[in-house]
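The file structure_28.csv comes next; it holds CSV, C-alpha atoms and all ligand atoms.
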```
chain,number,residue,atom,x,y,z
T,132,MET,CA,-1.0,-21.4,5.0
T,133,ASN,CA,-2.7,-19.2,7.5
T,134,ILE,CA,-4.9,-16.4,6.2
T,135,ILE,CA,-6.2,-13.7,8.5
T,136,PRO,CA,-8.6,-11.0,7.3
T,137,LEU,CA,-7.5,-7.7,8.7
T,138,GLY,CA,-10.4,-5.8,7.2
T,139,ILE,CA,-13.4,-6.5,5.0
T,140,TRP,CA,-14.8,-3.1,3.9
T,141,GLY,CA,-14.8,-1.5,0.5
T,142,GLY,CA,-14.3,2.2,0.2
T,143,TYR,CA,-13.6,3.1,3.8
T,144,PRO,CA,-13.5,1.3,7.2
T,145,LYS,CA,-16.3,1.2,9.6
T,146,ALA,CA,-15.5,2.1,13.3
T,147,ASN,CA,-12.6,0.2,14.7
T,148,SER,CA,-12.1,-1.8,11.5
T,149,ALA,CA,-10.2,-1.7,8.2
T,150,THR,CA,-10.7,-1.9,4.5
T,151,SER,CA,-10.3,-5.2,2.7
T,152,SER,CA,-6.9,-6.7,3.4
T,153,PHE,CA,-5.3,-9.9,4.6
T,154,LEU,CA,-2.3,-11.2,6.5
T,155,ILE,CA,-0.9,-14.5,5.0
T,156,GLU,CA,1.6,-16.6,6.9
T,157,GLU,CA,3.6,-19.7,6.1
T,158,ASP,CA,6.6,-21.0,8.0
T,159,GLY,CA,7.1,-17.7,9.9
T,160,PHE,CA,7.0,-15.6,6.7
T,161,TYR,CA,4.4,-12.8,6.9
T,162,LEU,CA,2.9,-11.4,3.8
T,163,LEU,CA,0.5,-8.4,3.9
T,164,PHE,CA,-2.1,-8.3,1.1
T,165,ASP,CA,-3.2,-4.7,0.4
T,166,CYS,CA,-2.7,-1.9,2.8
T,167,GLY,CA,-5.8,0.3,3.0
T,168,SER,CA,-7.3,2.4,5.7
T,169,GLY,CA,-7.1,0.9,9.2
T,170,VAL,CA,-4.9,-1.9,8.1
T,171,LEU,CA,-1.8,-0.9,10.1
T,172,SER,CA,-3.8,-0.8,13.3
T,173,SER,CA,-5.5,-4.1,12.7
T,174,LEU,CA,-2.2,-5.8,11.6
T,175,GLN,CA,-0.6,-5.1,15.0
T,176,ASN,CA,-3.2,-7.4,16.7
T,177,HIS,CA,-1.3,-10.3,15.0
T,178,VAL,CA,2.3,-9.3,14.3
T,179,ASN,CA,4.6,-6.4,15.0
T,180,ILE,CA,5.7,-4.2,12.1
T,181,GLN,CA,9.2,-5.7,11.9
T,182,GLN,CA,7.8,-9.2,11.5
T,183,LEU,CA,6.4,-8.3,8.1
T,184,ASP,CA,8.4,-9.8,5.3
T,185,ALA,CA,6.6,-8.6,2.2
T,186,VAL,CA,3.6,-6.6,1.0
T,187,ILE,CA,1.4,-7.1,-2.1
T,188,ILE,CA,-0.6,-4.2,-3.5
T,189,THR,CA,-3.3,-5.0,-6.0
T,190,HIS,CA,-4.0,-1.5,-7.2
T,191,TYR,CA,-3.8,2.1,-6.2
T,192,HIS,CA,-7.3,3.0,-5.0
T,193,HIS,CA,-7.3,4.6,-1.6
T,194,ASP,CA,-9.0,1.6,0.1
T,195,HIS,CA,-6.0,-0.5,-0.9
T,196,ILE,CA,-3.1,1.8,-0.2
T,197,ALA,CA,-4.3,4.4,2.3
T,198,ASP,CA,-1.9,3.1,5.0
T,199,ILE,CA,1.2,2.8,2.8
T,200,GLY,CA,2.3,6.2,4.1
T,201,ALA,CA,1.7,5.1,7.7
T,202,LEU,CA,3.6,1.9,7.0
T,203,GLN,CA,6.6,3.9,5.7
T,204,TYR,CA,6.7,5.9,9.0
T,205,ALA,CA,6.3,2.7,11.0
T,206,LYS,CA,9.3,1.1,9.2
T,207,LEU,CA,11.3,4.3,9.7
T,208,ILE,CA,10.7,4.3,13.5
T,209,GLN,CA,11.1,0.6,14.0
T,210,ASN,CA,14.3,0.4,11.9
T,211,GLN,CA,15.7,3.3,14.0
T,212,LEU,CA,14.8,1.6,17.2
T,213,ALA,CA,16.3,-1.7,16.0
T,214,GLY,CA,19.5,0.2,15.0
T,215,LYS,CA,19.6,-1.7,11.7
T,216,PRO,CA,17.3,-1.4,8.7
T,217,LYS,CA,15.1,-4.3,7.6
T,218,THR,CA,13.9,-3.2,4.1
T,219,LEU,CA,10.3,-4.2,3.4
T,220,PRO,CA,9.7,-5.2,-0.2
T,221,VAL,CA,6.3,-4.1,-1.6
T,222,TYR,CA,5.2,-6.0,-4.7
T,223,ALA,CA,2.9,-3.9,-7.0
T,224,HIS,CA,2.4,-3.1,-10.6
T,225,ASN,CA,4.1,-0.2,-12.2
T,226,GLN,CA,1.2,0.8,-14.6
T,227,ASP,CA,0.6,3.9,-12.5
T,228,GLU,CA,2.8,6.8,-11.1
T,229,HIS,CA,1.9,5.7,-7.6
T,230,PHE,CA,4.4,2.9,-7.9
T,231,GLN,CA,7.2,5.5,-7.6
T,232,THR,CA,5.9,6.7,-4.2
T,233,ILE,CA,6.2,3.3,-2.4
T,234,THR,CA,10.0,3.2,-2.1
T,235,PHE,CA,11.0,5.1,1.1
T,236,LYS,CA,14.7,5.5,1.8
T,237,GLU,CA,16.1,2.1,2.9
T,238,HIS,CA,12.9,1.2,4.8
T,239,MET,CA,10.6,0.2,1.9
T,240,LYS,CA,11.2,-0.8,-1.6
T,241,ALA,CA,8.8,-1.1,-4.5
T,242,VAL,CA,9.2,-4.2,-6.6
T,243,ASN,CA,7.5,-4.7,-10.0
T,244,ILE,CA,5.2,-7.7,-9.3
T,245,SER,CA,5.2,-8.7,-12.9
T,246,HIS,CA,8.9,-9.7,-12.4
T,247,ALA,CA,8.0,-11.8,-9.4
T,248,ASN,CA,6.8,-15.4,-9.3
T,249,GLN,CA,7.9,-16.2,-5.8
T,250,ILE,CA,7.6,-14.2,-2.6
T,251,GLY,CA,9.3,-16.0,0.2
T,252,PRO,CA,7.6,-19.5,0.3
T,253,PHE,CA,4.7,-18.4,-1.9
T,254,ALA,CA,4.4,-19.0,-5.6
T,255,ILE,CA,2.4,-16.2,-7.1
T,256,GLU,CA,0.6,-15.5,-10.3
T,257,THR,CA,-1.3,-12.4,-11.3
T,258,ILE,CA,-4.0,-11.5,-13.9
T,259,LYS,CA,-5.5,-8.1,-14.8
T,260,THR,CA,-9.0,-7.6,-13.5
T,261,ASN,CA,-12.0,-5.7,-14.8
T,262,HIS,CA,-11.8,-2.6,-12.7
T,263,SER,CA,-11.7,1.2,-13.2
T,264,ALA,CA,-8.0,1.3,-12.2
T,265,PHE,CA,-5.4,-1.2,-13.4
T,266,CYS,CA,-5.8,-4.0,-10.8
T,267,LEU,CA,-4.4,-7.4,-10.3
T,268,ALA,CA,-6.0,-10.6,-9.0
T,269,VAL,CA,-3.4,-12.8,-7.3
T,270,ARG,CA,-3.1,-16.6,-6.9
T,271,ILE,CA,-0.9,-17.7,-4.1
T,272,GLU,CA,0.3,-21.3,-3.7
T,273,VAL,CA,2.4,-23.1,-1.1
T,274,ASN,CA,2.7,-26.7,0.0
T,275,GLY,CA,0.1,-27.8,-2.5
T,276,LYS,CA,-2.6,-25.3,-1.2
T,277,SER,CA,-3.9,-22.4,-3.2
T,278,VAL,CA,-5.8,-19.2,-2.5
T,279,VAL,CA,-7.0,-16.8,-5.1
T,280,PHE,CA,-7.8,-13.1,-4.3
T,281,THR,CA,-10.0,-11.5,-7.0
T,282,ALA,CA,-9.0,-8.0,-5.6
T,283,ASP,CA,-11.4,-5.4,-7.1
T,284,THR,CA,-13.2,-6.5,-10.3
T,285,GLY,CA,-16.4,-6.7,-12.2
T,286,TRP,CA,-17.4,-10.0,-13.9
T,287,GLU,CA,-14.3,-11.2,-15.7
T,288,PRO,CA,-14.4,-14.6,-17.5
T,289,ALA,CA,-10.6,-15.0,-17.4
T,290,LEU,CA,-10.9,-15.3,-13.6
T,291,ILE,CA,-12.6,-18.7,-13.9
T,292,GLU,CA,-9.5,-20.4,-15.4
T,293,PHE,CA,-7.2,-18.3,-13.1
T,294,SER,CA,-9.1,-19.5,-10.0
T,295,LYS,CA,-9.4,-23.1,-11.1
T,296,LYS,CA,-9.6,-25.6,-8.3
T,297,ALA,CA,-8.3,-23.2,-5.7
T,298,ASP,CA,-8.7,-24.4,-2.1
T,299,MET,CA,-10.0,-20.9,-1.2
T,300,LEU,CA,-11.4,-18.1,-3.4
T,301,ILE,CA,-11.5,-14.7,-1.6
T,302,SER,CA,-13.8,-12.7,-3.8
T,303,GLU,CA,-14.9,-9.2,-3.7
T,304,ALA,CA,-18.7,-8.8,-3.3
T,305,ASN,CA,-19.3,-5.1,-3.3
T,306,LEU,CA,-22.8,-5.1,-4.7
T,307,TYR,CA,-26.2,-6.5,-4.0
T,308,LEU,CA,-28.1,-8.2,-6.8
T,309,PRO,CA,-30.3,-5.2,-7.8
T,310,TYR,CA,-27.1,-3.3,-8.7
T,311,GLU,CA,-25.7,-6.0,-11.0
T,312,GLY,CA,-24.8,-4.5,-14.3
T,313,GLN,CA,-25.4,-1.0,-12.9
T,314,ILE,CA,-22.0,-0.2,-11.4
T,315,PRO,CA,-19.0,-1.3,-13.4
T,316,GLY,CA,-15.8,-2.7,-11.8
T,317,HIS,CA,-17.4,-4.6,-8.9
T,318,MET,CA,-19.3,-7.9,-8.5
T,319,THR,CA,-22.4,-9.0,-6.7
T,320,GLY,CA,-22.6,-11.9,-4.3
T,321,ARG,CA,-24.3,-13.8,-7.0
T,322,GLN,CA,-21.4,-13.3,-9.4
T,323,ALA,CA,-18.8,-14.3,-6.7
T,324,GLY,CA,-20.8,-17.5,-6.2
T,325,LEU,CA,-20.9,-18.1,-9.9
T,326,LEU,CA,-17.1,-17.6,-10.2
T,327,ALA,CA,-16.6,-20.0,-7.3
T,328,LYS,CA,-18.8,-22.7,-9.0
T,329,GLU,CA,-17.4,-22.3,-12.5
T,330,ALA,CA,-13.8,-22.4,-11.1
T,331,GLY,CA,-14.6,-25.4,-9.0
T,332,VAL,CA,-13.0,-24.0,-5.8
T,333,GLU,CA,-13.4,-25.6,-2.4
T,334,GLN,CA,-14.4,-22.6,-0.3
T,335,LEU,CA,-15.5,-19.0,-0.9
T,336,LEU,CA,-15.0,-16.0,1.3
T,337,LEU,CA,-16.6,-12.7,0.5
T,338,THR,CA,-14.9,-9.4,1.2
T,339,HIS,CA,-14.8,-5.7,0.1
T,340,LEU,CA,-18.3,-5.4,1.4
T,341,PRO,CA,-20.8,-2.6,1.0
T,342,HIS,CA,-21.7,-0.1,3.7
T,343,PHE,CA,-25.5,-0.6,3.5
T,344,GLY,CA,-28.0,-3.4,3.4
T,345,GLU,CA,-27.7,-6.8,5.0
T,346,THR,CA,-24.3,-8.2,4.1
T,347,GLU,CA,-25.5,-11.8,4.8
T,348,ASP,CA,-27.7,-11.3,1.7
T,349,LEU,CA,-24.4,-11.5,-0.3
T,350,VAL,CA,-23.9,-15.0,1.1
T,351,LYS,CA,-27.4,-16.0,0.1
T,352,GLU,CA,-26.8,-14.7,-3.4
T,353,ALA,CA,-23.6,-16.7,-3.7
T,354,ARG,CA,-25.4,-19.8,-2.6
T,355,GLN,CA,-27.7,-19.6,-5.6
T,356,HIS,CA,-24.7,-21.0,-7.5
T,357,PHE,CA,-22.1,-22.3,-5.1
T,358,THR,CA,-23.1,-25.2,-2.9
T,359,LYS,CA,-19.8,-25.7,-0.9
T,360,HIS,CA,-18.8,-23.5,2.0
T,361,VAL,CA,-19.4,-19.7,1.6
T,362,SER,CA,-19.2,-17.0,4.2
T,363,LEU,CA,-18.3,-13.4,4.8
T,364,ALA,CA,-14.6,-13.0,5.6
T,365,GLU,CA,-14.4,-12.6,9.4
T,366,PRO,CA,-11.7,-10.1,10.6
T,367,GLY,CA,-9.2,-11.6,13.0
T,368,LYS,CA,-10.2,-15.2,12.3
T,369,ASN,CA,-7.4,-17.5,11.2
T,370,TYR,CA,-8.3,-19.5,8.1
T,371,VAL,CA,-6.0,-22.4,7.8
T,372,LEU,CA,-5.3,-24.2,4.5
T,373,ALA,CA,-3.4,-27.3,5.3
T,401,ZN,ZN,-10.6,-0.4,-6.5
```
Step by step, read the file and then write its structure as structure tokens.
Amino acid sequence: MNIIPLGIWGGYPKANSATSSFLIEEDGFYLLFDCGSGVLSSLQNHVNIQQLDAVIITHYHHDHIADIGALQYAKLIQNQLAGKPKTLPVYAHNQDEHFQTITFKEHMKAVNISHANQIGPFAIETIKTNHSAFCLAVRIEVNGKSVVFTADTGWEPALIEFSKKADMLISEANLYLPYEGQIPGHMTGRQAGLLAKEAGVEQLLLTHLPHFGETEDLVKEARQHFTKHVSLAEPGKNYVLA
């Protein structure tokens, strides 16, 4: 499984970057994980639009869906140029009226993610997170390797069992330690490290980063608890689980 961070920011992208999202590939099947601001531009450094096989949306905050409209137009144009439509399935929850806005003619189709346990080669599981909007953490497994995305969440004990023994945990770390307990719905670097330790994962990547302070401090916080490899997710780098 190849995992490429397309963006790592929470809220909005910094210059020439994107909000937290990932491209996941196995055996030529390309899965886009979240589609926030700047993602469509970043994505095309790695694949063309028609190579995308599926999309997962964790929740409907702007920094996770801002480029869905742009993706609809991209599919429209590329399908027209190809002369035949390749419908792109978008797996998302339907606990919000935004679900209805994803389907776009024959170009994109919303699929209720609670009805899906397999997307292409990937086995998937979801669990509701602790966030201000209904949001899903996602566990993806293929060929005996597993990655868990916390998506957006405050501290949520159920994520420990959900993330158990994952080869990689990709956790949000939107807050520095002084803000722990002050801002609901997001975790500190320390909490991401604690989750990684309690779940017994092999590796921790931090994403959904804040726009101030020294983001490497989030890594130091995580290392208070988690002694295996931890780093900030690096946009464009190919993380290989094999
Ligand atoms: Zn959110």
- Could you give me the residues within 10 Å of ligand ZN 401 (chain T), counting all atoms listed in the file, as a list in words? Gly141, Gly142, Thr189, His190, Tyr191, His192, His193, Asp194, His195, Asn261, His262, Ser263, Ala264, Phe265, Cys266, Ala282, Asp283, Thr284, Gly316, His317 and His339 of chain T
- Give me, please, the distance in Å between CA of Met132 (chain T) and CA of Leu335 (chain T), quoted to one decimal.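 Pair CA of Met132 (chain T) / CA of Leu335 (chain T) returns 15.8 Å.
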- Up to 12 Å from (15.5, 0.9, 10.8) in the file's coordinates: name the residues, counting all atoms listed in the file, as JSON, numbers by chain. {"T": [180, 181, 203, 204, 205, 206, 207, 208, 209, 210, 211, 212, 213, 214, 215, 216, 217, 218, 219, 235, 236, 237, 238, 239]}
- Pairwise distance for CA of Asp198 (chain T) and CA of Ser173 (chain T), rounded to one decimal in Å: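 Between CA of Asp198 (chain T) and CA of Ser173 (chain T) the gap is 11.1 Å.
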- Message: Can you tell me which residues surround region 154-170 of chain T at a distance of at most 6 Å, considering only C-alpha atoms, apart from same-chain residues fewer than 3 positions away, and format the answer as a list of chain:residue names?
- Response: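 Neighbouring residues, sequence-local ones excluded: T:Met132, T:Asn133, T:Ile134, T:Ile135, T:Ala149, T:Thr150, T:Ser173, T:Leu174, T:Leu183, T:Asp184, T:Ala185, T:Val186, T:Ile187, T:Ile188, T:Asp194, T:His195, T:Ile196, T:Ala197, T:Asp198.
For the set T:Pro315, T:Gly200, T:Gly324, T:Gly285, the residue with the smallest atom-to-atom gap to Ile301 (chain T) is T:Gly324, counting all atoms listed in the file.
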- Item | Coordinates-based distance that separates CA of Leu300 (chain T) from CA of Glu333 (chain T) (Å, one decimal) |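 That distance, rounded to one decimal, is 7.8 Å.
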- Item | Given all atoms listed in the file as the counted atoms, nearest of T:Leu137, T:Ala289, T:Ile271, T:Ile314 to Asn248 (chain T) |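 Among T:Leu137, T:Ala289, T:Ile271, T:Ile314, it is T:Ile271 that comes nearest to Asn248 (chain T).
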Identify the residues within 9 Å of coordinate (-14.8, -17.3, -7.2) (same frame as the file), considering all atoms listed in the file, and give the answer as a PDB file with C-alpha atoms, keeping the file's coordinate frame.
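The resulting file, selection28.pdb, is shown below:
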```pdb
ATOM      1  CA  VAL T 279      -7.000 -16.800  -5.100  1.00  0.00           C
ATOM      2  CA  PHE T 280      -7.800 -13.100  -4.300  1.00  0.00           C
ATOM      3  CA  THR T 281     -10.000 -11.500  -7.000  1.00  0.00           C
ATOM      4  CA  LEU T 290     -10.900 -15.300 -13.600  1.00  0.00           C
ATOM      5  CA  ILE T 291     -12.600 -18.700 -13.900  1.00  0.00           C
ATOM      6  CA  SER T 294      -9.100 -19.500 -10.000  1.00  0.00           C
ATOM      7  CA  LYS T 295      -9.400 -23.100 -11.100  1.00  0.00           C
ATOM      8  CA  ALA T 297      -8.300 -23.200  -5.700  1.00  0.00           C
ATOM      9  CA  MET T 299     -10.000 -20.900  -1.200  1.00  0.00           C
ATOM     10  CA  LEU T 300     -11.400 -18.100  -3.400  1.00  0.00           C
ATOM     11  CA  ILE T 301     -11.500 -14.700  -1.600  1.00  0.00           C
ATOM     12  CA  SER T 302     -13.800 -12.700  -3.800  1.00  0.00           C
ATOM     13  CA  GLU T 303     -14.900  -9.200  -3.700  1.00  0.00           C
ATOM     14  CA  GLN T 322     -21.400 -13.300  -9.400  1.00  0.00           C
ATOM     15  CA  ALA T 323     -18.800 -14.300  -6.700  1.00  0.00           C
ATOM     16  CA  GLY T 324     -20.800 -17.500  -6.200  1.00  0.00           C
ATOM     17  CA  LEU T 325     -20.900 -18.100  -9.900  1.00  0.00           C
ATOM     18  CA  LEU T 326     -17.100 -17.600 -10.200  1.00  0.00           C
ATOM     19  CA  ALA T 327     -16.600 -20.000  -7.300  1.00  0.00           C
ATOM     20  CA  LYS T 328     -18.800 -22.700  -9.000  1.00  0.00           C
ATOM     21  CA  GLU T 329     -17.400 -22.300 -12.500  1.00  0.00           C
ATOM     22  CA  ALA T 330     -13.800 -22.400 -11.100  1.00  0.00           C
ATOM     23  CA  GLY T 331     -14.600 -25.400  -9.000  1.00  0.00           C
ATOM     24  CA  VAL T 332     -13.000 -24.000  -5.800  1.00  0.00           C
ATOM     25  CA  GLN T 334     -14.400 -22.600  -0.300  1.00  0.00           C
ATOM     26  CA  LEU T 335     -15.500 -19.000  -0.900  1.00  0.00           C
ATOM     27  CA  LEU T 336     -15.000 -16.000   1.300  1.00  0.00           C
TER      28      LEU T 336
END
```
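For Ile258 (chain T), the residues within 7 Å (counting all atoms listed in the file, excluding itself and residues fewer than 2 positions away along the chain) are Thr260, Leu267, Ala268 and Val269 of chain T.
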Could those selected residues go to a file with C-alpha atoms, as a compact mmCIF listing (two decimals), in the coordinates of the input?
```txt
# COMPACT_ATOMS: atom_id res chain seq x y z
CA THR T 260 -9.00 -7.60 -13.50
CA LEU T 267 -4.40 -7.40 -10.30
CA ALA T 268 -6.00 -10.60 -9.00
CA VAL T 269 -3.40 -12.80 -7.30
```
- Message: With only C-alpha atoms as the counted atoms, please give the residues lying no more than 10 Å from Ala247 (chain T), apart from itself and same-chain residues fewer than 3 positions off, as a VMD selection string.
- Response: chain T and resid 222 to 223 242 to 244 250 254 to 257
Take the selection from the previous step and output its residues with C-alpha atoms, as a short mmCIF file (atom, residue, chain, number, x, y, z; two decimals), in the frame of the given file.
```cif
data_model
loop_
_atom_site.label_atom_id
_atom_site.label_comp_id
_atom_site.auth_asym_id
_atom_site.auth_seq_id
_atom_site.Cartn_x
_atom_site.Cartn_y
_atom_site.Cartn_z
CA TYR T 222 5.20 -6.00 -4.70
CA ALA T 223 2.90 -3.90 -7.00
CA VAL T 242 9.20 -4.20 -6.60
CA ASN T 243 7.50 -4.70 -10.00
CA ILE T 244 5.20 -7.70 -9.30
CA ILE T 250 7.60 -14.20 -2.60
CA ALA T 254 4.40 -19.00 -5.60
CA ILE T 255 2.40 -16.20 -7.10
CA GLU T 256 0.60 -15.50 -10.30
CA THR T 257 -1.30 -12.40 -11.30
#
```
- Of the residues T:Ala241, T:Ala304, T:Leu340, T:Leu372, which is the one nearest to Pro144 (chain T), using all atoms listed in the file?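 Looking only at the distances to Pro144 (chain T), the closest residue turns out to be T:Leu340.
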- Item | Residue nearest Phe153 (chain T) - candidates T:Phe293, T:Tyr370, T:Phe230, T:Tyr310, atoms counted: only C-alpha atoms |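 So, comparing all the options, the nearest one is T:Tyr370.
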- Item | Nearest candidate to Trp286 (chain T) (options T:Pro341, T:Gly320, T:Pro220, T:Gly251; using all atoms listed in the file) |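 Checking each candidate against Trp286 (chain T), we get T:Gly320 as the closest.
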- Choose the residue, out of T:His356, T:His246, T:Lys276, T:Lys351, that has the smallest atom-to-atom separation from Ala373 (chain T); count all atoms listed in the file.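 So, comparing all the options, the nearest one is T:Lys276.
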Please return region 146-155 of chain T, rebuilt to all heavy atoms, as a PDB file, keeping the file's coordinate frame.
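Generated output (part06.pdb):
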```
ATOM      1  N   ALA T 146     -16.227   1.850  11.996  1.00  0.00           N
ATOM      2  CA  ALA T 146     -15.500   2.100  13.300  1.00  0.00           C
ATOM      3  C   ALA T 146     -14.720   0.953  13.715  1.00  0.00           C
ATOM      4  O   ALA T 146     -15.181  -0.191  13.664  1.00  0.00           O
ATOM      5  CB  ALA T 146     -16.576   2.505  14.325  1.00  0.00           C
ATOM      6  N   ASN T 147     -13.486   1.228  14.144  1.00  0.00           N
ATOM      7  CA  ASN T 147     -12.600   0.200  14.700  1.00  0.00           C
ATOM      8  C   ASN T 147     -12.387  -0.985  13.732  1.00  0.00           C
ATOM      9  O   ASN T 147     -12.276  -2.129  14.157  1.00  0.00           O
ATOM     10  CB  ASN T 147     -13.140  -0.332  16.031  1.00  0.00           C
ATOM     11  CG  ASN T 147     -13.336   0.787  17.020  1.00  0.00           C
ATOM     12  OD1 ASN T 147     -12.430   1.606  17.224  1.00  0.00           O
ATOM     13  ND2 ASN T 147     -14.508   0.875  17.613  1.00  0.00           N
ATOM     14  N   SER T 148     -12.329  -0.698  12.463  1.00  0.00           N
ATOM     15  CA  SER T 148     -12.100  -1.800  11.500  1.00  0.00           C
ATOM     16  C   SER T 148     -11.241  -1.251  10.359  1.00  0.00           C
ATOM     17  O   SER T 148     -10.619  -0.210  10.478  1.00  0.00           O
ATOM     18  CB  SER T 148     -13.460  -2.290  10.982  1.00  0.00           C
ATOM     19  OG  SER T 148     -14.190  -1.252  10.374  1.00  0.00           O
ATOM     20  N   ALA T 149     -11.171  -2.002   9.286  1.00  0.00           N
ATOM     21  CA  ALA T 149     -10.200  -1.700   8.200  1.00  0.00           C
ATOM     22  C   ALA T 149     -10.866  -2.056   6.863  1.00  0.00           C
ATOM     23  O   ALA T 149     -11.815  -2.846   6.799  1.00  0.00           O
ATOM     24  CB  ALA T 149      -8.920  -2.415   8.390  1.00  0.00           C
ATOM     25  N   THR T 150     -10.312  -1.499   5.809  1.00  0.00           N
ATOM     26  CA  THR T 150     -10.700  -1.900   4.500  1.00  0.00           C
ATOM     27  C   THR T 150     -10.110  -3.243   4.104  1.00  0.00           C
ATOM     28  O   THR T 150      -9.185  -3.716   4.764  1.00  0.00           O
ATOM     29  CB  THR T 150     -10.412  -0.830   3.422  1.00  0.00           C
ATOM     30  OG1 THR T 150      -9.011  -0.557   3.463  1.00  0.00           O
ATOM     31  CG2 THR T 150     -11.190   0.449   3.679  1.00  0.00           C
ATOM     32  N   SER T 151     -10.612  -3.819   3.037  1.00  0.00           N
ATOM     33  CA  SER T 151     -10.300  -5.200   2.700  1.00  0.00           C
ATOM     34  C   SER T 151      -8.784  -5.450   2.566  1.00  0.00           C
ATOM     35  O   SER T 151      -8.110  -4.879   1.700  1.00  0.00           O
ATOM     36  CB  SER T 151     -10.956  -5.534   1.338  1.00  0.00           C
ATOM     37  OG  SER T 151     -10.718  -6.866   0.987  1.00  0.00           O
ATOM     38  N   SER T 152      -8.279  -6.311   3.455  1.00  0.00           N
ATOM     39  CA  SER T 152      -6.900  -6.700   3.400  1.00  0.00           C
ATOM     40  C   SER T 152      -6.661  -7.957   4.236  1.00  0.00           C
ATOM     41  O   SER T 152      -7.518  -8.313   5.060  1.00  0.00           O
ATOM     42  CB  SER T 152      -5.962  -5.588   3.913  1.00  0.00           C
ATOM     43  OG  SER T 152      -6.032  -5.545   5.307  1.00  0.00           O
ATOM     44  N   PHE T 153      -5.525  -8.611   4.033  1.00  0.00           N
ATOM     45  CA  PHE T 153      -5.300  -9.900   4.600  1.00  0.00           C
ATOM     46  C   PHE T 153      -3.836 -10.072   5.057  1.00  0.00           C
ATOM     47  O   PHE T 153      -2.944  -9.524   4.407  1.00  0.00           O
ATOM     48  CB  PHE T 153      -5.649 -11.034   3.638  1.00  0.00           C
ATOM     49  CG  PHE T 153      -7.092 -10.987   3.225  1.00  0.00           C
ATOM     50  CD1 PHE T 153      -7.501 -10.109   2.223  1.00  0.00           C
ATOM     51  CD2 PHE T 153      -8.041 -11.750   3.863  1.00  0.00           C
ATOM     52  CE1 PHE T 153      -8.840 -10.022   1.858  1.00  0.00           C
ATOM     53  CE2 PHE T 153      -9.376 -11.668   3.515  1.00  0.00           C
ATOM     54  CZ  PHE T 153      -9.770 -10.797   2.502  1.00  0.00           C
ATOM     55  N   LEU T 154      -3.625 -10.820   6.124  1.00  0.00           N
ATOM     56  CA  LEU T 154      -2.300 -11.200   6.500  1.00  0.00           C
ATOM     57  C   LEU T 154      -2.160 -12.720   6.212  1.00  0.00           C
ATOM     58  O   LEU T 154      -3.006 -13.522   6.636  1.00  0.00           O
ATOM     59  CB  LEU T 154      -2.083 -10.977   8.019  1.00  0.00           C
ATOM     60  CG  LEU T 154      -0.714 -11.361   8.576  1.00  0.00           C
ATOM     61  CD1 LEU T 154       0.390 -10.521   7.957  1.00  0.00           C
ATOM     62  CD2 LEU T 154      -0.696 -11.203  10.102  1.00  0.00           C
ATOM     63  N   ILE T 155      -1.124 -13.070   5.470  1.00  0.00           N
ATOM     64  CA  ILE T 155      -0.900 -14.500   5.000  1.00  0.00           C
ATOM     65  C   ILE T 155       0.410 -14.929   5.612  1.00  0.00           C
ATOM     66  O   ILE T 155       1.422 -14.226   5.500  1.00  0.00           O
ATOM     67  CB  ILE T 155      -0.896 -14.547   3.505  1.00  0.00           C
ATOM     68  CG1 ILE T 155      -2.153 -13.889   2.922  1.00  0.00           C
ATOM     69  CG2 ILE T 155      -0.793 -15.993   3.044  1.00  0.00           C
ATOM     70  CD1 ILE T 155      -2.012 -13.515   1.477  1.00  0.00           C
TER      71      ILE T 155
END
```
